[in-house]
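Below is the file upload_6.cif, which contains mmCIF, C-alpha atoms.
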data_input
loop_
_atom_site.label_atom_id
_atom_site.label_comp_id
_atom_site.auth_asym_id
_atom_site.auth_seq_id
_atom_site.Cartn_x
_atom_site.Cartn_y
_atom_site.Cartn_z
CA MET R 1 0.00 0.00 0.00
CA PHE R 2 1.19 3.49 -0.82
CA GLN R 3 0.83 6.22 1.77
CA ALA R 4 0.98 10.02 1.44
CA LYS R 5 4.26 10.96 3.12
CA VAL R 6 4.67 14.61 2.16
CA VAL R 7 2.29 17.24 0.80
CA LEU R 8 3.96 20.14 -1.01
CA ASN R 9 1.88 23.31 -0.88
CA GLY R 10 3.07 26.60 -2.30
CA HIS R 11 1.62 27.08 -5.75
CA ALA R 12 -1.32 29.46 -6.12
CA GLY R 13 -2.80 27.79 -9.19
CA PRO R 14 -3.40 24.37 -10.74
CA ILE R 15 -0.22 22.35 -11.27
CA TYR R 16 0.26 21.46 -14.91
CA ALA R 17 3.59 19.63 -14.99
CA ALA R 18 6.34 18.22 -12.79
CA SER R 19 9.70 16.55 -13.34
CA TRP R 20 12.28 14.75 -11.19
CA ASP R 21 16.00 15.06 -12.03
CA GLY R 22 17.30 12.61 -9.42
CA ASN R 23 17.82 15.26 -6.76
CA PHE R 24 15.00 17.77 -6.97
CA LEU R 25 11.38 17.91 -8.10
CA TYR R 26 10.44 20.78 -10.42
CA SER R 27 6.84 21.93 -10.87
CA SER R 28 4.97 24.44 -13.02
CA SER R 29 1.61 26.00 -12.25
CA GLY R 30 -1.13 28.31 -13.43
CA ASP R 31 0.43 30.90 -11.09
CA LYS R 32 3.17 31.27 -13.79
CA TYR R 33 5.96 30.05 -11.50
CA VAL R 34 8.33 27.12 -11.89
CA THR R 35 9.44 25.94 -8.46
CA ARG R 36 12.01 23.45 -7.17
CA TRP R 37 11.39 21.18 -4.18
CA ASN R 38 13.21 18.77 -1.92
CA PRO R 39 10.48 16.13 -1.66
CA THR R 40 12.26 14.17 1.09
CA LYS R 41 12.25 17.17 3.42
CA GLY R 42 9.02 18.61 2.05
CA LEU R 43 10.66 21.97 1.49
CA GLN R 44 10.70 24.43 -1.38
CA ASP R 45 14.16 25.36 -2.65
CA SER R 46 13.92 29.14 -2.66
CA SER R 47 17.23 29.43 -4.55
CA PHE R 48 15.49 28.26 -7.75
CA THR R 49 12.26 30.03 -8.68
CA VAL R 50 11.39 31.07 -12.23
CA LYS R 51 8.70 33.71 -12.86
CA LEU R 52 7.19 33.33 -16.31
CA GLU R 53 5.17 35.68 -18.50
CA HIS R 54 2.87 32.79 -19.38
CA ALA R 55 2.09 29.50 -17.66
CA ALA R 56 3.95 26.32 -18.66
CA TYR R 57 2.18 23.07 -19.57
CA ALA R 58 5.46 21.24 -20.26
CA LEU R 59 8.47 20.76 -17.99
CA LYS R 60 11.48 18.45 -18.11
CA ALA R 61 14.49 18.44 -15.78
CA GLY R 62 17.74 16.55 -16.36
CA GLU R 63 21.31 16.73 -17.63
CA GLY R 64 21.90 19.87 -15.55
CA PHE R 65 18.95 21.75 -17.07
CA CYS R 66 15.32 22.55 -16.46
CA PHE R 67 13.46 22.90 -19.76
CA ILE R 68 10.23 24.87 -19.72
CA GLY R 69 7.59 24.98 -22.47
CA CYS R 70 5.13 27.88 -22.11
CA THR R 71 1.62 28.42 -23.45
CA ASP R 72 2.71 31.32 -25.68
CA GLY R 73 5.30 29.15 -27.47
CA THR R 74 8.34 30.24 -25.47
CA LEU R 75 10.79 27.41 -24.83
CA LEU R 76 13.50 27.91 -22.20
CA GLY R 77 16.62 26.00 -21.21
CA ILE R 78 17.72 26.96 -17.69
CA ASP R 79 21.02 25.87 -16.14
CA THR R 80 19.98 24.43 -12.76
CA GLU R 81 23.35 25.16 -11.14
CA THR R 82 23.82 28.79 -12.19
CA LYS R 83 20.04 29.45 -12.49
CA ASN R 84 20.77 31.36 -15.70
CA ILE R 85 18.80 31.07 -18.94
CA ALA R 86 21.10 29.15 -21.30
CA TRP R 87 18.83 29.67 -24.32
CA GLU R 88 15.34 30.79 -25.27
CA HIS R 89 13.21 30.35 -28.41
CA ASN R 90 9.72 30.91 -29.71
CA PHE R 91 9.36 29.14 -33.06
CA PHE R 92 5.62 28.89 -33.68
CA GLY R 93 3.71 30.75 -30.95
CA ASN R 94 1.84 27.59 -29.92
CA ALA R 95 1.61 26.10 -26.43
CA TRP R 96 4.14 23.34 -25.72
CA PHE R 97 2.55 20.17 -24.37
CA SER R 98 5.40 17.67 -24.13
CA LEU R 99 9.16 17.58 -23.57
CA THR R 100 11.59 14.70 -23.24
CA ILE R 101 15.36 14.25 -23.18
CA HIS R 102 17.28 11.88 -25.44
CA THR R 103 20.36 11.39 -23.27
CA LYS R 104 22.39 9.40 -25.81
CA HIS R 105 22.25 12.14 -28.46
CA GLY R 106 22.08 15.12 -26.10
CA TRP R 107 18.73 16.24 -27.48
CA LEU R 108 15.60 17.89 -26.20
CA VAL R 109 12.52 16.70 -28.09
CA ALA R 110 9.47 18.97 -27.89
CA GLY R 111 5.88 18.81 -29.13
CA ASP R 112 3.30 21.61 -29.31
CA SER R 113 -0.48 22.09 -29.54
CA GLU R 114 -0.52 22.08 -33.37
CA GLY R 115 1.53 18.93 -33.95
CA ASN R 116 4.96 20.52 -34.42
CA LEU R 117 7.76 18.16 -33.33
CA VAL R 118 11.13 19.84 -32.75
CA VAL R 119 14.53 18.41 -31.83
CA LEU R 120 17.08 20.75 -30.20
CA GLU R 121 20.59 20.45 -28.80
CA LEU R 122 20.34 20.40 -25.01
CA GLN R 123 23.28 22.69 -24.34
CA THR R 124 22.80 25.32 -27.04
CA GLY R 125 19.13 25.12 -28.01
CA LYS R 126 20.19 24.82 -31.67
CA ARG R 127 17.32 23.46 -33.77
CA ILE R 128 18.23 20.16 -35.40
CA LEU R 129 14.91 19.03 -36.80
CA HIS R 130 11.32 20.19 -37.31
CA LEU R 131 8.52 17.80 -38.27
CA PRO R 132 5.11 19.47 -38.84
CA LEU R 133 2.86 16.49 -38.11
CA ALA R 134 -0.53 18.26 -38.23
CA ALA R 135 -1.69 15.86 -35.52
CA GLY R 136 -3.22 18.24 -32.98
CA LYS R 137 -1.70 18.30 -29.51
CA ILE R 138 1.40 16.18 -28.96
CA ARG R 139 0.60 15.01 -25.45
CA THR R 140 3.47 12.63 -24.74
CA LEU R 141 6.94 11.95 -26.13
CA SER R 142 8.73 8.74 -25.16
CA ILE R 143 12.21 7.61 -26.20
CA VAL R 144 12.55 3.81 -26.10
CA ASN R 145 15.39 1.83 -27.71
CA ASN R 146 16.28 4.84 -29.89
CA ASN R 147 12.74 5.12 -31.19
CA CYS R 148 10.53 8.11 -30.46
CA TYR R 149 6.87 7.43 -29.67
CA VAL R 150 4.71 10.50 -30.33
CA SER R 151 1.25 10.38 -28.73
CA THR R 152 -1.06 12.75 -30.57
CA GLN R 153 -4.57 14.10 -30.24
CA LEU R 154 -5.78 13.41 -33.79
CA ILE R 155 -3.82 10.59 -35.45
CA GLY R 156 -2.92 8.15 -32.70
CA VAL R 157 0.66 7.22 -31.83
CA LEU R 158 3.45 7.69 -34.36
CA VAL R 159 6.79 5.87 -34.12
CA PHE R 160 9.98 7.46 -35.50
CA SER R 161 13.56 6.23 -35.69
CA CYS R 162 15.84 8.60 -33.75
CA GLU R 163 18.65 7.82 -36.21
CA ASN R 164 17.05 9.27 -39.34
CA TRP R 165 13.57 10.35 -38.14
CA ASN R 166 11.84 8.11 -40.65
CA GLU R 167 8.34 7.12 -39.60
CA LEU R 168 8.35 3.43 -38.67
CA ALA R 169 4.71 2.87 -37.70
CA SER R 170 1.48 4.41 -36.50
CA TRP R 171 -1.63 3.07 -34.79
CA GLU R 172 -4.63 4.35 -32.84
CA PRO R 173 -4.88 2.48 -29.55
CA ASN R 174 -7.21 5.00 -27.84
CA GLU R 175 -10.30 6.76 -29.11
CA LEU R 176 -9.83 10.55 -29.19
CA GLY R 177 -6.05 10.25 -28.87
CA SER R 178 -3.52 8.93 -26.37
CA ASN R 179 -2.26 11.11 -23.52
CA VAL R 180 0.22 8.74 -21.87
CA LEU R 181 2.43 5.86 -23.00
CA TYR R 182 4.56 3.32 -21.18
CA ALA R 183 6.81 0.82 -22.96
CA ASP R 184 7.06 -2.47 -21.08
CA ILE R 185 10.37 -3.67 -22.51
CA GLN R 186 10.31 -6.99 -20.62
CA LYS R 187 6.96 -8.01 -22.11
CA ASN R 188 7.57 -6.20 -25.42
CA GLU R 189 4.27 -4.38 -24.97
CA LEU R 190 3.10 -0.78 -25.16
CA ILE R 191 0.50 0.58 -22.74
CA THR R 192 -1.41 3.77 -23.51
CA GLY R 193 -4.17 5.80 -21.88
CA GLY R 194 -6.26 8.69 -23.08
CA ARG R 195 -9.50 10.66 -23.18
CA ASP R 196 -11.51 7.45 -23.56
CA ALA R 197 -10.54 6.58 -19.96
CA HIS R 198 -9.18 3.22 -21.14
CA LEU R 199 -5.78 1.63 -20.83
CA VAL R 200 -4.85 -0.17 -24.04
CA ILE R 201 -2.13 -2.81 -24.30
CA SER R 202 -0.56 -3.27 -27.73
CA ASN R 203 2.08 -5.77 -28.84
CA SER R 204 5.36 -5.09 -30.65
CA ALA R 205 3.54 -5.22 -33.98
CA TYR R 206 1.27 -2.38 -32.73
CA GLU R 207 -1.74 -4.68 -32.59
CA ILE R 208 -4.20 -4.08 -29.75
CA ILE R 209 -4.37 -7.10 -27.47
CA LYS R 210 -6.33 -5.74 -24.51
CA ARG R 211 -8.55 -2.77 -23.63
CA ILE R 212 -9.14 -2.00 -19.96
CA PRO R 213 -11.84 0.43 -18.70
CA ALA R 214 -9.56 2.01 -16.12
CA HIS R 215 -11.14 5.32 -15.04
CA TYR R 216 -14.33 7.35 -15.44
CA GLN R 217 -12.62 10.28 -17.15
CA THR R 218 -9.46 11.18 -19.08
CA ILE R 219 -6.24 9.41 -18.02
CA TYR R 220 -3.39 11.86 -17.44
CA GLY R 221 -0.78 9.68 -15.70
CA LEU R 222 0.78 6.25 -16.28
CA ILE R 223 4.00 5.07 -14.64
CA ARG R 224 5.51 1.88 -13.24
CA VAL R 225 6.68 1.85 -9.61
CA GLY R 226 8.38 -1.36 -8.57
CA ASN R 227 6.30 -4.20 -10.00
CA GLN R 228 3.05 -2.22 -10.03
CA PHE R 229 1.56 0.30 -12.42
CA VAL R 230 0.06 3.60 -11.32
CA THR R 231 -2.56 5.61 -13.21
CA ALA R 232 -4.11 9.02 -12.54
CA SER R 233 -7.19 10.66 -13.98
CA MET R 234 -9.37 13.71 -14.31
CA ASP R 235 -11.84 11.71 -12.18
CA LYS R 236 -9.70 12.71 -9.12
CA THR R 237 -8.43 9.18 -8.43
CA ILE R 238 -5.09 7.40 -8.47
CA LYS R 239 -5.09 3.64 -9.01
CA ILE R 240 -2.36 1.12 -8.22
CA TRP R 241 -2.54 -1.87 -10.56
CA SER R 242 -1.20 -5.41 -10.46
CA PRO R 243 1.64 -6.13 -12.95
CA ASP R 244 -0.77 -7.62 -15.52
CA PHE R 245 -3.58 -5.06 -14.94
CA SER R 246 -5.87 -7.88 -13.83
CA LYS R 247 -6.90 -6.01 -10.68
CA VAL R 248 -6.64 -2.73 -8.82
CA ASP R 249 -4.47 -3.24 -5.74
CA GLN R 250 -5.22 0.19 -4.30
CA ARG R 251 -7.56 3.08 -5.12
CA ILE R 252 -6.53 6.49 -3.77
CA GLU R 253 -9.10 9.24 -3.32
CA PHE R 254 -9.24 12.53 -1.42
CA LYS R 255 -10.22 10.74 1.78
CA ASP R 256 -7.00 8.71 1.49
CA GLY R 257 -4.81 11.81 1.28
CA GLY R 258 -5.22 12.20 -2.46
CA HIS R 259 -6.62 14.98 -4.61
CA ASN R 260 -10.05 16.60 -4.70
CA ARG R 261 -9.77 17.81 -8.28
CA SER R 262 -8.27 16.47 -11.51
CA VAL R 263 -4.97 14.61 -11.06
CA ASN R 264 -2.88 16.05 -13.88
CA GLY R 265 0.14 13.77 -13.77
CA LEU R 266 2.48 11.34 -12.04
CA VAL R 267 6.26 11.38 -11.61
CA PHE R 268 8.40 8.31 -10.93
CA VAL R 269 11.00 8.89 -8.19
CA ASP R 270 12.21 5.38 -7.28
CA ASP R 271 10.85 1.84 -6.92
CA GLN R 272 9.11 2.81 -3.68
CA THR R 273 8.14 6.42 -4.37
CA PHE R 274 6.12 8.51 -6.81
CA VAL R 275 4.62 12.00 -6.95
CA SER R 276 1.15 13.14 -8.00
CA TYR R 277 -0.05 16.67 -8.78
CA GLY R 278 -3.31 18.27 -9.79
CA ASP R 279 -5.76 21.10 -10.22
CA ASP R 280 -6.09 21.40 -6.42
CA LYS R 281 -2.66 23.17 -6.32
CA LYS R 282 -1.24 20.23 -4.36
CA ILE R 283 1.76 17.96 -4.88
CA VAL R 284 1.73 14.66 -2.95
CA VAL R 285 4.75 12.40 -2.39
CA TRP R 286 3.63 8.76 -2.08
CA LYS R 287 5.78 6.04 -0.55
CA LYS R 288 5.18 2.32 -0.32
CA ALA R 289 4.62 1.22 3.26
CA PRO R 290 7.00 -1.52 4.45
CA VAL R 291 5.54 -4.98 4.78
CA ILE R 292 5.48 -6.04 8.43
CA LEU R 293 6.03 -9.75 8.96
CA HIS R 294 4.44 -11.20 12.06
CA SER R 295 6.24 -13.98 13.87
CA ASP R 296 4.27 -16.95 15.21
CA ASN R 297 6.48 -17.01 18.31
#
Represent the structure of the file as structure tokens.
Amino acid sequence: MFQAKVVLNGHAGPIYAASWDGNFLYSSSGDKYVTRWNPTKGLQDSSFTVKLEHAAYALKAGEGFCFIGCTDGTLLGIDTETKNIAWEHNFFGNAWFSLTIHTKHGWLVAGDSEGNLVVLELQTGKRILHLPLAAGKIRTLSIVNNNCYVSTQLIGVLVFSCENWNELASWEPNELGSNVLYADIQKNELITGGRDAHLVISNSAYEIIKRIPAHYQTIYGLIRVGNQFVTASMDKTIKIWSPDFSKVDQRIEFKDGGHNRSVNGLVFVDDQTFVSYGDDKKIVVWKKAPVILHSDN
């Protein structure tokens, strides 16, 4: 069972995005601030606070940077040690919805509200590639085995090779688009969730093998923590699933220390810990309770 260990309060608006870099948790909110936290101590790091002109829906921390994608199309790379802006762009004027880091190539991959996919150098912000996909919002970007999975609003999930950016495949696992994607490398399966409130499991040939009615409203979060999966939804709940999604091991609601409005995302911290955040301006750090063995003696 997971228990709420720390609640991080400090934002004055809904929390749209969060990212863990191995040391700190970064969050962005409707209050137009990006904030850094020490989730273990439950404290805000006042040495790193970014005031934005416009709110940020996309945030990604790692490789010594915090990358911020704003609703007006501004994209920032901030050095987390010096707190200085390393680079800043606004290519299209559209809201950014997804950011991910390709560590091997030293790239930031970004997707916006109109289907523009952009690849930039992490350090310099130099634009390497632009693919105008005309796919509506790019909700999730996932790099797996040097392939890039692009979850879109209008045309399903597209798969590109990160070597030459040729399109390898596409399929539509969710009705009305996929918001989240998890690649289960051990089982060679892909799990997606979206506005249809279903989790869909597809095989390596991108054939749908299982559809699971998981929530009552849009799914916004899907991660694996230890041997369990965790999902979060607009329906205000977090669910902990068995490894094969055959049952819900734990359902977390407001009365359990969860959220009382839409849960907008989940962040993996380690095999015992994850973070949730939502429209209620709250960030919750969840930790798996230790199993207590009772002796017969």
Quick one: contact table of range 176-217 of chain R to range 256-269 of chain R, 12 Å max, nearest atom pair and distance in Å to one decimal per residue, counting all atoms listed in the file, chain and number order, as CSV?
residue,atom,partner,partner_atom,distance
R:Asn179,CA,R:Gly265,CA,10.4
R:Val180,CA,R:Gly265,CA,9.5
R:His215,CA,R:Val263,CA,11.8
R:Tyr216,CA,R:Ser262,CA,11.6
R:Gln217,CA,R:Ser262,CA,9.4
Taking the file as shown, what set of residues would the PyMOL selection byres ((chain R and resi 106) around 12) give back, as a CSV table (one decimal) with C-alpha atoms, in the coordinates of the input?
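Generated output (result_23.csv):
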chain,number,residue,atom,x,y,z
R,62,GLY,CA,17.7,16.6,-16.4
R,63,GLU,CA,21.3,16.7,-17.6
R,64,GLY,CA,21.9,19.9,-15.6
R,65,PHE,CA,19.0,21.8,-17.1
R,100,THR,CA,11.6,14.7,-23.2
R,101,ILE,CA,15.4,14.2,-23.2
R,102,HIS,CA,17.3,11.9,-25.4
R,103,THR,CA,20.4,11.4,-23.3
R,104,LYS,CA,22.4,9.4,-25.8
R,105,HIS,CA,22.2,12.1,-28.5
R,107,TRP,CA,18.7,16.2,-27.5
R,108,LEU,CA,15.6,17.9,-26.2
R,109,VAL,CA,12.5,16.7,-28.1
R,119,VAL,CA,14.5,18.4,-31.8
R,120,LEU,CA,17.1,20.8,-30.2
R,121,GLU,CA,20.6,20.4,-28.8
R,122,LEU,CA,20.3,20.4,-25.0
R,123,GLN,CA,23.3,22.7,-24.3
R,124,THR,CA,22.8,25.3,-27.0
R,125,GLY,CA,19.1,25.1,-28.0
R,126,LYS,CA,20.2,24.8,-31.7
R,128,ILE,CA,18.2,20.2,-35.4
R,162,CYS,CA,15.8,8.6,-33.8
Practice problem: Please evaluate the PyMOL selection byres ((chain R and resi 131-136) around 10) against the displayed coordinates and give the resulting residues as a list of chain:residue names. | Solution: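 Applied to this file, the PyMOL selection byres ((chain R and resi 131-136) around 10) selects R:Gly111, R:Asp112, R:Ser113, R:Glu114, R:Gly115, R:Asn116, R:Leu117, R:Val118, R:Val119, R:Leu129, R:His130, R:Lys137, R:Ile138, R:Arg139, R:Val150, R:Ser151, R:Thr152, R:Gln153, R:Leu154, R:Ile155, R:Gly156, R:Val157, R:Leu158, R:Trp165, R:Gly177.
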Practice problem: Convert the output of the PyMOL selection byres ((chain R and resi 16-28) around 9) on the shown file into explicit residues, formatted as number ranges by chain. | Solution: R: 11, 14-15, 29-39, 45, 55-66, 68, 264-269, 275-279, 283
Atoms kept (C-alpha atoms) for selection, written as a PDB file, keeping the file's coordinate frame:
ATOM      1  CA  HIS R  11       1.620  27.080  -5.750  1.00  0.00           C
ATOM      2  CA  PRO R  14      -3.400  24.370 -10.740  1.00  0.00           C
ATOM      3  CA  ILE R  15      -0.220  22.350 -11.270  1.00  0.00           C
ATOM      4  CA  SER R  29       1.610  26.000 -12.250  1.00  0.00           C
ATOM      5  CA  GLY R  30      -1.130  28.310 -13.430  1.00  0.00           C
ATOM      6  CA  ASP R  31       0.430  30.900 -11.090  1.00  0.00           C
ATOM      7  CA  LYS R  32       3.170  31.270 -13.790  1.00  0.00           C
ATOM      8  CA  TYR R  33       5.960  30.050 -11.500  1.00  0.00           C
ATOM      9  CA  VAL R  34       8.330  27.120 -11.890  1.00  0.00           C
ATOM     10  CA  THR R  35       9.440  25.940  -8.460  1.00  0.00           C
ATOM     11  CA  ARG R  36      12.010  23.450  -7.170  1.00  0.00           C
ATOM     12  CA  TRP R  37      11.390  21.180  -4.180  1.00  0.00           C
ATOM     13  CA  ASN R  38      13.210  18.770  -1.920  1.00  0.00           C
ATOM     14  CA  PRO R  39      10.480  16.130  -1.660  1.00  0.00           C
ATOM     15  CA  ASP R  45      14.160  25.360  -2.650  1.00  0.00           C
ATOM     16  CA  ALA R  55       2.090  29.500 -17.660  1.00  0.00           C
ATOM     17  CA  ALA R  56       3.950  26.320 -18.660  1.00  0.00           C
ATOM     18  CA  TYR R  57       2.180  23.070 -19.570  1.00  0.00           C
ATOM     19  CA  ALA R  58       5.460  21.240 -20.260  1.00  0.00           C
ATOM     20  CA  LEU R  59       8.470  20.760 -17.990  1.00  0.00           C
ATOM     21  CA  LYS R  60      11.480  18.450 -18.110  1.00  0.00           C
ATOM     22  CA  ALA R  61      14.490  18.440 -15.780  1.00  0.00           C
ATOM     23  CA  GLY R  62      17.740  16.550 -16.360  1.00  0.00           C
ATOM     24  CA  GLU R  63      21.310  16.730 -17.630  1.00  0.00           C
ATOM     25  CA  GLY R  64      21.900  19.870 -15.550  1.00  0.00           C
ATOM     26  CA  PHE R  65      18.950  21.750 -17.070  1.00  0.00           C
ATOM     27  CA  CYS R  66      15.320  22.550 -16.460  1.00  0.00           C
ATOM     28  CA  ILE R  68      10.230  24.870 -19.720  1.00  0.00           C
ATOM     29  CA  ASN R 264      -2.880  16.050 -13.880  1.00  0.00           C
ATOM     30  CA  GLY R 265       0.140  13.770 -13.770  1.00  0.00           C
ATOM     31  CA  LEU R 266       2.480  11.340 -12.040  1.00  0.00           C
ATOM     32  CA  VAL R 267       6.260  11.380 -11.610  1.00  0.00           C
ATOM     33  CA  PHE R 268       8.400   8.310 -10.930  1.00  0.00           C
ATOM     34  CA  VAL R 269      11.000   8.890  -8.190  1.00  0.00           C
ATOM     35  CA  VAL R 275       4.620  12.000  -6.950  1.00  0.00           C
ATOM     36  CA  SER R 276       1.150  13.140  -8.000  1.00  0.00           C
ATOM     37  CA  TYR R 277      -0.050  16.670  -8.780  1.00  0.00           C
ATOM     38  CA  GLY R 278      -3.310  18.270  -9.790  1.00  0.00           C
ATOM     39  CA  ASP R 279      -5.760  21.100 -10.220  1.00  0.00           C
ATOM     40  CA  ILE R 283       1.760  17.960  -4.880  1.00  0.00           C
TER      41      ILE R 283
END
Quiz item: So which one's closest to Trp241 in chain R, R:Leu52, R:Leu141, R:Ala12, R:Leu199? Using only C-alpha atoms, please.
Solution: R:Leu199
Self-check item: Residue nearest Lys236 in chain R - candidates R:Ser202, R:Leu222, R:Val7, R:Asp280, atoms counted: all atoms listed in the file
Solution: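 Closest candidate: R:Asp280.
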Quiz item: Quick one: residues within 6 Å of Ile219 in chain R, only C-alpha atoms counted, chain neighbours fewer than 2 positions away excluded, as an MDAnalysis selection string?
Solution: chainID R and resid 193:194 197 221 232:233
Keeping C-alpha atoms for every residue in the selection just given, could you write it to a file as an mmCIF file, keeping the file's coordinate frame?
data_model
loop_
_atom_site.group_PDB
_atom_site.id
_atom_site.type_symbol
_atom_site.label_atom_id
_atom_site.label_comp_id
_atom_site.auth_asym_id
_atom_site.auth_seq_id
_atom_site.Cartn_x
_atom_site.Cartn_y
_atom_site.Cartn_z
ATOM 1 C CA GLY R 193 -4.170 5.800 -21.880
ATOM 2 C CA GLY R 194 -6.260 8.690 -23.080
ATOM 3 C CA ALA R 197 -10.540 6.580 -19.960
ATOM 4 C CA GLY R 221 -0.780 9.680 -15.700
ATOM 5 C CA ALA R 232 -4.110 9.020 -12.540
ATOM 6 C CA SER R 233 -7.190 10.660 -13.980
#
Practice problem: Could you check how far CA of Glu172 in chain R sits from CA of Ile208 in chain R, in Å to one decimal? | Solution: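 The value is 9.0 Å.
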Quiz item: Please, what distance in Å, to one decimal, runs between CA of Asn147 in chain R and CA of Tyr206 in chain R?
Solution: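 Interatomic distance, CA of Asn147 in chain R to CA of Tyr206 in chain R: 13.8 Å.
When only C-alpha atoms are used to compute distances to Lys83 in chain R, the closest of the residues R:Val230, R:Val285, R:Ser98, R:Thr49 turns out to be R:Thr49.
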Quiz item: What gap, in Å, lies between CA of Ala214 in chain R and CA of Lys239 in chain R?
Solution: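 Straight-line distance from CA of Ala214 in chain R to CA of Lys239 in chain R works out to 8.6 Å.
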Padding of 3 Å on every side, edges along x, y and z, all listed atoms of range 124-133 of chain R included: what centre and edge lengths in Å, to one decimal, does that box have, as JSON?
{"center_x": 12.8, "center_y": 20.9, "center_z": -32.9, "size_x": 25.9, "size_y": 14.8, "size_z": 17.8}
Quiz prompt | Among the residues R:Lys255, R:Arg224, R:Lys5, R:Lys282, the one that comes closest to Thr237 in chain R [using only C-alpha atoms] | solution =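 So, comparing all the options, the nearest one is R:Lys255.
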Quiz item: So, counting all atoms listed in the file, which residue among R:Ser204, R:Asn164, R:Thr74, R:Gln272 is closest to Met1 in chain R?
Solution: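 Nearest to Met1 in chain R: R:Gln272.
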Practice problem: Give the answer as one residue: which of R:Thr231, R:Gln250, R:Ser46, R:Thr40 has the shortest atom-to-atom distance to Gly10 in chain R, using only C-alpha atoms? | Solution: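 Smallest separation from Gly10 in chain R among the options: R:Ser46.
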